[in-house]
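Below is target08.tsv, holding TSV, C-alpha atoms and all ligand atoms.
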```
chain	number	residue	atom	x	y	z
A	1	MET	CA	-2.74	-10.78	-14.02
A	2	LYS	CA	-6.16	-9.32	-14.87
A	3	ALA	CA	-6.48	-5.54	-15.32
A	4	PRO	CA	-9.61	-3.42	-14.88
A	5	ASP	CA	-11.04	-2.16	-18.20
A	6	GLY	CA	-12.83	1.19	-18.79
A	7	ASN	CA	-16.07	0.35	-16.93
A	8	LYS	CA	-14.25	-1.14	-13.96
A	9	LEU	CA	-11.93	1.85	-13.76
A	10	ALA	CA	-14.97	4.18	-13.84
A	11	ILE	CA	-16.56	2.18	-10.99
A	12	LEU	CA	-13.31	2.39	-9.02
A	13	ASN	CA	-13.06	6.12	-9.57
A	14	ALA	CA	-16.64	6.58	-8.31
A	15	LEU	CA	-15.97	4.42	-5.23
A	16	ASN	CA	-12.66	6.17	-4.63
A	17	GLN	CA	-14.53	9.38	-3.77
A	18	GLY	CA	-15.34	7.63	-0.47
A	19	GLY	CA	-18.58	6.41	1.15
A	20	PHE	CA	-21.28	4.24	-0.39
A	21	VAL	CA	-22.48	4.35	-4.00
A	22	SER	CA	-25.56	2.38	-5.00
A	23	GLY	CA	-25.53	-0.14	-7.83
A	24	GLN	CA	-28.26	1.89	-9.51
A	25	ALA	CA	-26.23	5.14	-9.37
A	26	LEU	CA	-23.19	3.33	-10.78
A	27	GLY	CA	-25.31	1.77	-13.55
A	28	GLU	CA	-26.80	5.14	-14.51
A	29	LYS	CA	-23.39	6.81	-14.51
A	30	LEU	CA	-21.95	4.18	-16.83
A	31	GLY	CA	-25.08	3.48	-18.89
A	32	ILE	CA	-25.09	-0.22	-17.91
A	33	SER	CA	-27.47	-2.48	-15.95
A	34	ARG	CA	-27.21	-3.15	-12.19
A	35	ALA	CA	-26.45	-6.78	-13.03
A	36	ALA	CA	-23.51	-5.63	-15.17
A	37	VAL	CA	-22.30	-3.40	-12.30
A	38	SER	CA	-22.48	-6.35	-9.93
A	39	LYS	CA	-20.45	-8.48	-12.37
A	40	HIS	CA	-17.74	-5.81	-12.65
A	41	ILE	CA	-17.61	-5.49	-8.86
A	42	LYS	CA	-17.16	-9.25	-8.54
A	43	THR	CA	-14.20	-9.13	-10.96
A	44	LEU	CA	-12.66	-6.22	-9.05
A	45	GLN	CA	-13.01	-8.20	-5.79
A	46	GLU	CA	-11.30	-11.17	-7.45
A	47	MET	CA	-8.42	-8.86	-8.39
A	48	GLY	CA	-7.85	-8.22	-4.68
A	49	LEU	CA	-9.78	-4.95	-4.24
A	50	ASP	CA	-11.65	-4.85	-0.93
A	51	ILE	CA	-15.13	-3.74	-2.06
A	52	PHE	CA	-18.08	-4.63	0.17
A	53	LYS	CA	-21.85	-4.14	-0.11
A	54	VAL	CA	-24.38	-3.03	2.51
A	55	THR	CA	-28.05	-3.58	1.64
A	56	GLY	CA	-29.86	-0.29	1.19
A	57	LYS	CA	-26.61	1.69	0.96
A	58	GLY	CA	-24.63	0.20	-1.92
A	59	TYR	CA	-20.96	-0.51	-2.53
A	60	CYS	CA	-17.97	0.85	-0.63
A	61	LEU	CA	-14.25	0.60	-1.40
A	62	ASN	CA	-12.32	-0.25	1.75
A	63	SER	CA	-8.95	1.23	0.92
A	64	GLN	CA	-6.52	2.92	3.27
A	65	VAL	CA	-4.62	4.03	0.22
A	66	GLY	CA	-6.95	5.74	-2.27
A	67	LEU	CA	-6.26	6.07	-5.98
A	68	LEU	CA	-3.67	8.19	-7.76
A	69	ASN	CA	-4.75	11.66	-8.78
A	70	LYS	CA	-2.48	14.14	-10.54
A	71	THR	CA	-4.20	17.26	-9.17
A	72	GLN	CA	-3.81	15.99	-5.61
A	73	ILE	CA	-0.18	15.03	-6.20
A	74	ASP	CA	0.47	18.58	-7.47
A	75	GLN	CA	-1.27	20.11	-4.45
A	76	HIS	CA	0.80	18.08	-1.99
A	77	TYR	CA	3.96	18.82	-3.96
A	78	LYS	CA	3.34	22.57	-3.96
A	79	ALA	CA	2.61	22.44	-0.23
A	80	LEU	CA	6.25	21.34	0.17
A	81	GLY	CA	7.32	24.59	-1.47
A	82	ALA	CA	8.16	23.02	-4.84
A	83	ASN	CA	6.93	23.90	-8.35
A	84	THR	CA	4.52	21.70	-10.29
A	85	ALA	CA	5.79	18.12	-10.44
A	86	ASP	CA	6.19	16.52	-13.84
A	87	VAL	CA	4.08	13.47	-12.94
A	88	GLU	CA	2.18	11.17	-15.31
A	89	VAL	CA	-0.48	8.93	-13.80
A	90	HIS	CA	-1.34	5.66	-15.57
A	91	PRO	CA	-4.08	3.31	-14.39
A	92	ILE	CA	-2.33	0.30	-15.94
A	93	ILE	CA	1.07	-0.10	-17.53
A	94	ASP	CA	3.47	-3.00	-18.15
A	95	SER	CA	6.16	-1.39	-15.99
A	96	THR	CA	6.78	2.26	-15.12
A	97	ASN	CA	10.54	1.65	-15.58
A	98	SER	CA	10.00	0.01	-18.98
A	99	GLU	CA	7.89	2.97	-20.13
A	100	LEU	CA	10.70	5.44	-19.35
A	101	ILE	CA	13.27	3.16	-20.99
A	102	ARG	CA	11.14	2.97	-24.16
A	103	ARG	CA	11.05	6.76	-24.29
A	104	ILE	CA	14.83	6.97	-23.84
A	105	GLN	CA	15.32	4.45	-26.65
A	106	ALA	CA	12.85	6.27	-28.92
A	107	LYS	CA	14.78	9.49	-28.17
A	108	THR	CA	11.53	11.13	-27.02
A	109	ALA	CA	12.10	14.52	-25.42
A	110	LEU	CA	12.25	13.67	-21.74
A	111	GLU	CA	12.79	16.18	-18.95
A	112	SER	CA	15.04	15.18	-16.07
A	113	GLY	CA	12.61	14.84	-13.16
A	114	THR	CA	9.77	13.20	-15.13
A	115	VAL	CA	7.83	10.82	-12.90
A	116	ILE	CA	5.58	7.97	-14.02
A	117	VAL	CA	3.27	6.30	-11.51
A	118	ALA	CA	0.71	3.57	-12.07
A	119	GLU	CA	-2.07	1.81	-10.17
A	120	MET	CA	-1.01	-1.54	-11.57
A	121	GLN	CA	1.93	-3.05	-13.45
A	122	GLN	CA	1.30	-6.06	-15.65
A	123	ALA	CA	5.01	-6.82	-15.95
A	124	GLY	CA	6.54	-5.19	-12.87
A	125	ARG	CA	10.28	-5.91	-12.66
A	126	GLY	CA	12.50	-6.39	-9.63
A	127	ARG	CA	16.28	-6.66	-9.36
A	128	ARG	CA	18.08	-9.62	-10.93
A	129	GLY	CA	15.24	-10.41	-13.34
A	130	ARG	CA	12.70	-11.06	-10.60
A	131	VAL	CA	8.98	-10.30	-10.93
A	132	TRP	CA	7.65	-7.42	-8.82
A	133	GLN	CA	4.10	-8.18	-7.68
A	134	SER	CA	1.99	-5.19	-8.71
A	135	PRO	CA	-1.73	-5.69	-7.95
A	136	PHE	CA	-4.12	-2.89	-8.86
A	137	GLY	CA	-4.49	0.00	-6.43
A	138	ALA	CA	-2.65	-1.73	-3.60
A	139	ASN	CA	0.88	-0.35	-3.69
A	140	LEU	CA	3.01	2.41	-5.15
A	141	TYR	CA	4.73	1.79	-8.49
A	142	TYR	CA	6.91	4.80	-9.21
A	143	SER	CA	9.69	5.68	-11.68
A	144	TYR	CA	11.81	8.84	-11.89
A	145	PHE	CA	13.91	9.86	-14.87
A	146	TRP	CA	17.23	11.56	-14.13
A	147	ARG	CA	20.04	12.81	-16.32
A	148	LEU	CA	23.62	12.99	-15.07
A	149	ASP	CA	26.51	14.42	-17.10
A	150	ASP	CA	29.33	12.78	-15.17
A	151	GLY	CA	29.30	9.30	-16.71
A	152	LEU	CA	28.11	5.88	-15.61
A	153	GLN	CA	30.93	5.43	-13.12
A	154	ALA	CA	29.69	8.48	-11.20
A	155	ALA	CA	26.16	7.05	-11.13
A	156	MET	CA	27.14	3.84	-9.37
A	157	GLY	CA	26.38	5.08	-5.85
A	158	VAL	CA	23.03	6.61	-6.69
A	159	SER	CA	21.10	3.64	-5.23
A	160	ILE	CA	22.37	4.65	-1.80
A	161	ALA	CA	21.00	8.19	-2.26
A	162	VAL	CA	17.67	6.77	-3.46
A	163	GLY	CA	17.36	4.52	-0.39
A	164	LEU	CA	17.89	7.58	1.81
A	165	ALA	CA	15.26	9.54	-0.15
A	166	VAL	CA	12.71	6.77	0.55
A	167	TYR	CA	13.75	6.91	4.21
A	168	ASP	CA	13.27	10.73	4.23
A	169	ALA	CA	9.82	10.57	2.59
A	170	ILE	CA	8.49	7.90	4.98
A	171	LYS	CA	10.00	9.57	8.04
A	172	ALA	CA	8.55	12.97	7.07
A	173	LEU	CA	5.01	11.62	6.53
A	174	TYR	CA	4.63	8.85	9.11
A	175	GLN	CA	7.52	9.38	11.59
A	176	ILE	CA	8.61	5.79	10.88
A	177	ASP	CA	12.34	5.01	10.79
A	178	VAL	CA	12.79	2.43	8.05
A	179	GLU	CA	16.04	0.47	7.76
A	180	LEU	CA	18.15	0.11	4.64
A	181	LYS	CA	19.56	-3.08	3.22
A	182	TRP	CA	22.45	-2.81	0.79
A	183	PRO	CA	22.31	-1.77	-1.94
A	184	ASN	CA	18.80	-0.35	-1.95
A	185	ASP	CA	16.08	-2.33	-0.19
A	186	ILE	CA	13.90	-0.71	2.42
A	187	TYR	CA	13.00	-2.77	5.48
A	188	ILE	CA	10.97	-2.51	8.66
A	189	ASN	CA	11.90	-5.03	11.38
A	190	LYS	CA	13.85	-7.13	8.86
A	191	GLN	CA	10.81	-7.41	6.57
A	192	LYS	CA	10.93	-5.89	3.10
A	193	LEU	CA	8.75	-2.80	2.65
A	194	ALA	CA	10.09	-1.43	-0.62
A	195	GLY	CA	12.54	-2.14	-3.41
A	196	VAL	CA	14.50	0.04	-5.81
A	197	LEU	CA	15.52	-0.83	-9.36
A	198	VAL	CA	17.94	1.67	-10.91
A	199	GLU	CA	18.54	1.19	-14.64
A	200	LEU	CA	21.34	3.06	-16.39
A	201	ASP	CA	22.01	4.02	-19.98
A	202	GLY	CA	24.83	6.14	-21.38
A	203	GLN	CA	28.55	6.70	-21.61
A	204	PRO	CA	31.22	5.68	-19.10
A	205	GLN	CA	32.55	9.27	-19.15
A	206	GLY	CA	29.79	11.37	-20.78
A	207	PRO	CA	26.09	12.04	-20.24
A	208	CYS	CA	24.02	9.21	-18.87
A	209	GLN	CA	20.38	8.63	-18.11
A	210	LEU	CA	18.93	6.87	-15.11
A	211	VAL	CA	15.55	5.33	-14.55
A	212	ILE	CA	14.97	5.09	-10.82
A	213	GLY	CA	12.14	2.66	-10.09
A	214	ILE	CA	10.66	2.43	-6.62
A	215	GLY	CA	8.00	-0.01	-5.45
A	216	ILE	CA	6.53	0.52	-1.98
A	217	ASN	CA	4.09	-1.97	-0.44
A	218	LEU	CA	1.13	0.01	0.87
A	219	GLN	CA	-1.77	-2.39	1.38
A	220	MET	CA	-0.76	-5.69	-0.19
A	221	PRO	CA	-3.78	-8.01	-0.62
A	222	GLU	CA	-3.41	-11.28	1.31
A	223	SER	CA	-4.06	-13.20	-1.92
A	224	PHE	CA	-0.77	-11.90	-3.33
A	225	SER	CA	1.41	-12.71	-0.34
A	226	GLN	CA	1.84	-16.32	-1.51
A	227	HIS	CA	3.67	-15.03	-4.61
A	228	ILE	CA	6.30	-13.17	-2.56
A	229	ASP	CA	9.36	-15.28	-1.78
A	230	GLN	CA	10.68	-13.33	1.21
A	231	ALA	CA	9.52	-11.79	4.47
A	232	TRP	CA	7.59	-8.61	3.59
A	233	THR	CA	5.52	-5.91	5.20
A	234	ASP	CA	3.38	-3.02	3.97
A	235	LEU	CA	2.93	0.53	5.26
A	236	ASN	CA	-0.67	-0.15	6.22
A	237	GLN	CA	0.60	-2.39	9.05
A	238	HIS	CA	2.58	0.50	10.53
A	239	THR	CA	0.44	3.60	10.02
A	240	GLN	CA	-3.24	4.45	9.70
A	241	LYS	CA	-2.80	7.60	7.69
A	242	LEU	CA	-1.91	6.54	4.15
A	243	ASP	CA	-2.40	8.80	1.17
A	244	LYS	CA	-0.78	7.62	-2.04
A	245	ASN	CA	-0.81	11.10	-3.62
A	246	GLU	CA	0.89	12.66	-0.62
A	247	LEU	CA	3.47	9.87	-0.72
A	248	VAL	CA	4.21	10.45	-4.43
A	249	ALA	CA	4.71	14.17	-3.73
A	250	SER	CA	6.94	13.55	-0.71
A	251	LEU	CA	8.99	10.91	-2.52
A	252	THR	CA	9.53	13.19	-5.52
A	253	TYR	CA	10.52	16.09	-3.28
A	254	HIS	CA	13.01	14.08	-1.22
A	255	LEU	CA	14.39	12.27	-4.25
A	256	GLU	CA	15.15	15.62	-5.88
A	257	GLN	CA	16.90	16.85	-2.74
A	258	ARG	CA	19.03	13.72	-2.44
A	259	LEU	CA	19.90	13.71	-6.16
A	260	VAL	CA	21.04	17.34	-5.99
A	261	GLN	CA	23.16	16.44	-2.97
A	262	TYR	CA	24.54	13.40	-4.82
A	263	ARG	CA	25.41	15.48	-7.90
A	264	GLN	CA	27.27	17.99	-5.72
A	265	THR	CA	29.14	15.82	-3.24
A	266	GLY	CA	28.50	12.17	-4.10
A	267	LEU	CA	28.02	10.02	-1.01
A	268	GLN	CA	30.46	12.03	1.08
A	269	ASP	CA	27.73	13.42	3.35
A	270	MET	CA	25.39	10.46	3.04
A	271	TYR	CA	27.24	7.24	3.75
A	272	GLU	CA	27.45	7.71	7.50
A	273	GLN	CA	23.72	8.34	7.75
A	274	TRP	CA	23.13	5.23	5.61
A	275	ASN	CA	25.27	3.25	8.05
A	276	SER	CA	23.16	4.44	10.96
A	277	LEU	CA	20.13	2.92	9.19
A	278	ASN	CA	21.80	-0.32	8.06
A	279	ALA	CA	19.27	-3.14	8.58
A	280	PHE	CA	22.04	-5.77	8.85
A	281	ALA	CA	24.61	-3.82	10.90
A	282	GLY	CA	26.86	-6.28	12.75
A	283	ASP	CA	24.95	-9.30	11.38
A	284	TYR	CA	26.57	-12.38	9.87
A	285	VAL	CA	25.65	-12.15	6.17
A	286	GLU	CA	26.32	-13.71	2.81
A	287	LEU	CA	27.10	-11.62	-0.26
A	288	ASN	CA	26.19	-13.43	-3.45
A	289	THR	CA	27.30	-12.05	-6.82
A	290	GLY	CA	25.76	-14.86	-8.85
A	291	HIS	CA	29.24	-16.34	-9.50
A	292	ARG	CA	30.69	-16.36	-6.00
A	293	SER	CA	29.65	-15.78	-2.44
A	294	TRP	CA	31.39	-14.43	0.64
A	295	ARG	CA	30.35	-14.66	4.27
A	296	GLY	CA	31.21	-12.36	7.12
A	297	ILE	CA	30.05	-9.58	9.40
A	298	CYS	CA	28.26	-6.68	7.69
A	299	GLU	CA	30.20	-3.51	8.54
A	300	GLY	CA	28.10	-1.03	6.53
A	301	ILE	CA	29.13	0.88	3.40
A	302	ASP	CA	32.26	2.76	2.39
A	303	PRO	CA	32.23	6.35	0.97
A	304	GLN	CA	31.85	4.96	-2.58
A	305	GLY	CA	28.75	2.95	-1.64
A	306	GLY	CA	30.39	-0.50	-1.56
A	307	ILE	CA	29.38	-2.97	1.14
A	308	ARG	CA	32.09	-3.72	3.73
A	309	ILE	CA	32.31	-7.27	4.99
A	310	ARG	CA	34.64	-8.50	7.72
A	311	GLN	CA	36.12	-11.95	7.05
A	312	ASP	CA	38.84	-13.47	9.21
A	313	GLY	CA	39.61	-10.09	10.78
A	314	GLU	CA	39.98	-8.32	7.43
A	315	VAL	CA	37.40	-5.86	6.05
A	316	LYS	CA	36.85	-5.77	2.27
A	317	SER	CA	34.47	-3.69	0.13
A	318	TYR	CA	32.31	-5.20	-2.62
A	319	TYR	CA	30.41	-3.29	-5.29
A	320	GLY	CA	27.93	-5.81	-6.68
A	321	GLY	CA	25.68	-8.64	-5.57
A	322	GLU	CA	23.02	-9.31	-3.03
A	323	VAL	CA	23.27	-9.54	0.74
A	324	SER	CA	21.24	-11.95	2.84
A	325	LEU	CA	21.26	-12.95	6.52
A	326	ARG	CA	23.03	-16.21	7.37
B	401	LIG	C1	13.58	-5.06	-6.08
B	401	LIG	O1	13.57	-4.97	-4.86
B	401	LIG	O2	13.79	-6.14	-6.64
B	401	LIG	C2	13.29	-3.83	-6.90
B	401	LIG	C3	11.82	-3.62	-7.13
B	401	LIG	C4	11.50	-2.38	-7.95
B	401	LIG	C5	10.02	-2.29	-8.30
B	401	LIG	C6	9.67	-1.00	-8.95
B	401	LIG	S1	7.92	-0.76	-9.06
B	401	LIG	C7	8.18	0.61	-10.10
B	401	LIG	C8	9.30	0.26	-11.04
B	401	LIG	N1	8.81	-0.45	-12.19
B	401	LIG	C9	9.24	-1.70	-12.24
B	401	LIG	O3	8.94	-2.54	-13.12
B	401	LIG	N2	10.03	-1.94	-11.19
B	401	LIG	C10	10.20	-0.79	-10.36
```
Before we go any further, please render this structure as structure tokens.
Ligand code: BTN
Amino acid sequence: MKAPDGNKLAILNALNQGGFVSGQALGEKLGISRAAVSKHIKTLQEMGLDIFKVTGKGYCLNSQVGLLNKTQIDQHYKALGANTADVEVHPIIDSTNSELIRRIQAKTALESGTVIVAEMQQAGRGRRGRVWQSPFGANLYYSYFWRLDDGLQAAMGVSIAVGLAVYDAIKALYQIDVELKWPNDIYINKQKLAGVLVELDGQPQGPCQLVIGIGINLQMPESFSQHIDQAWTDLNQHTQKLDKNELVASLTYHLEQRLVQYRQTGLQDMYEQWNSLNAFAGDYVELNTGHRSWRGICEGIDPQGGIRIRQDGEVKSYYGGEVSLR
């Protein structure tokens, strides 16, 4: 996947201010010719960015999403009554999760609550070794670092809390009720809107570290849809008022709230709400663990976060695998 270099990023930043910018103004700003500007714009268009030109006016970036900006994230975050967020913004990265994992492995000082967001991931990762499509500027690629002292076992249900935090953030900003698919996918009308990849490191009983990666489709370019192997949607199809910086702030705020709740009482006060949002409630599903599969009616989750499936009149809980509709 191609990534924008310094000049293309500078052009994007100029266009991201909104309105039209002439080729001449861009050329002067960057110290390059208009022909070079036009070549960079062509490459950006090929990457999926919707940039159009009007004669006499110049170029305009048609984005409902905008670009990431740390100052704006901080402003939105403070407006929620929180302190400054510990957010790092990267234009391009291999994977926001991989970056946090590298820092854990290098024993770099890392504050619980550190957030890394990027405009593009060159090696975005999904669950079960899948690729996560991460075109530039289109979607949200977000990772949150969290430390828990209660051991890996205690962290097992955290995906459920994270799914609810994504629900909270989207509900608060756009009044949309997303649905949740076990263990941690976010759906609208049975189409995938967002995915969560939680990666754990640490002791079964002692301190452990979690990297909570969240990818939310915001304005997925049509050219990328052919690479996605399941029904998907993006937020742009459901709301007109998208602001990536506001979403980062809201997500961070709600994630913190849910993680505090999880640390205090586990899923005790969350699992019933999760069940009320279950995308596959009462549906005939298949649970596939990679080695075996089970079919039955999806009955929601138990208080430990396991998925309950009814087979031949008996309900059993399972703690790993992937659920799909049958
Ligand atoms: C899935 O549904 O398979 C999980 C997708 C998780 C994608 C996010 S995007 C930010 C973070 N960095 C990654 O490489 N993956 C997660």
Note to self: One decimal, in Å: what's the spacing between CA of Leu235 in chain A and CA of Leu61 in chain A?
What the structure shows: 18.4 Å
Margin query: Using only C-alpha atoms and all ligand atoms, which residues of the polymer chains come no farther than 9 Å from ligand LIG 401 (chain B)? I'd like the answer as a VMD selection string.
Written below: chain A and resid 94 to 99 116 to 118 121 to 134 139 to 144 184 to 186 192 194 to 198 211 to 216
Notebook entry, point to check: Neighbours of Ser63 in chain A within 9 Å (only C-alpha atoms; same-chain residues fewer than 3 positions away dropped), as number ranges by chain?
Noted result: A: 16, 49-51, 66-67, 137-138, 219
Check: With only C-alpha atoms as the atoms that count, which of A:Thr43, A:Asn7, A:Gln311, A:Asn69 lies nearest to Leu247 in chain A?
Finding: A:Asn69
Notebook entry, point to check: Please, what distance in Å, to one decimal, runs between CA of Leu152 in chain A and CA of Gln209 in chain A?
Noted result: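 Taking CA of Leu152 in chain A as the start and CA of Gln209 in chain A as the end point, the length is 8.6 Å.
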Check: Pick the closest to Cys208 in chain A from A:Ala165, A:Ile104, A:Val115, A:Leu277: which is it, counting only C-alpha atoms?
Finding: A:Ile104
Margin query: Given the point (9.2, 22.6, -10.9) in the coordinates of this file, which residues lie within 12 Å, counting only C-alpha atoms, and how would they look as a list in words?
Written below: Asp74, Tyr77, Lys78, Leu80, Gly81, Ala82, Asn83, Thr84, Ala85, Asp86, Val87, Glu111, Ser112, Gly113, Thr114, Ala249, Thr252, Tyr253 and Glu256 of chain A
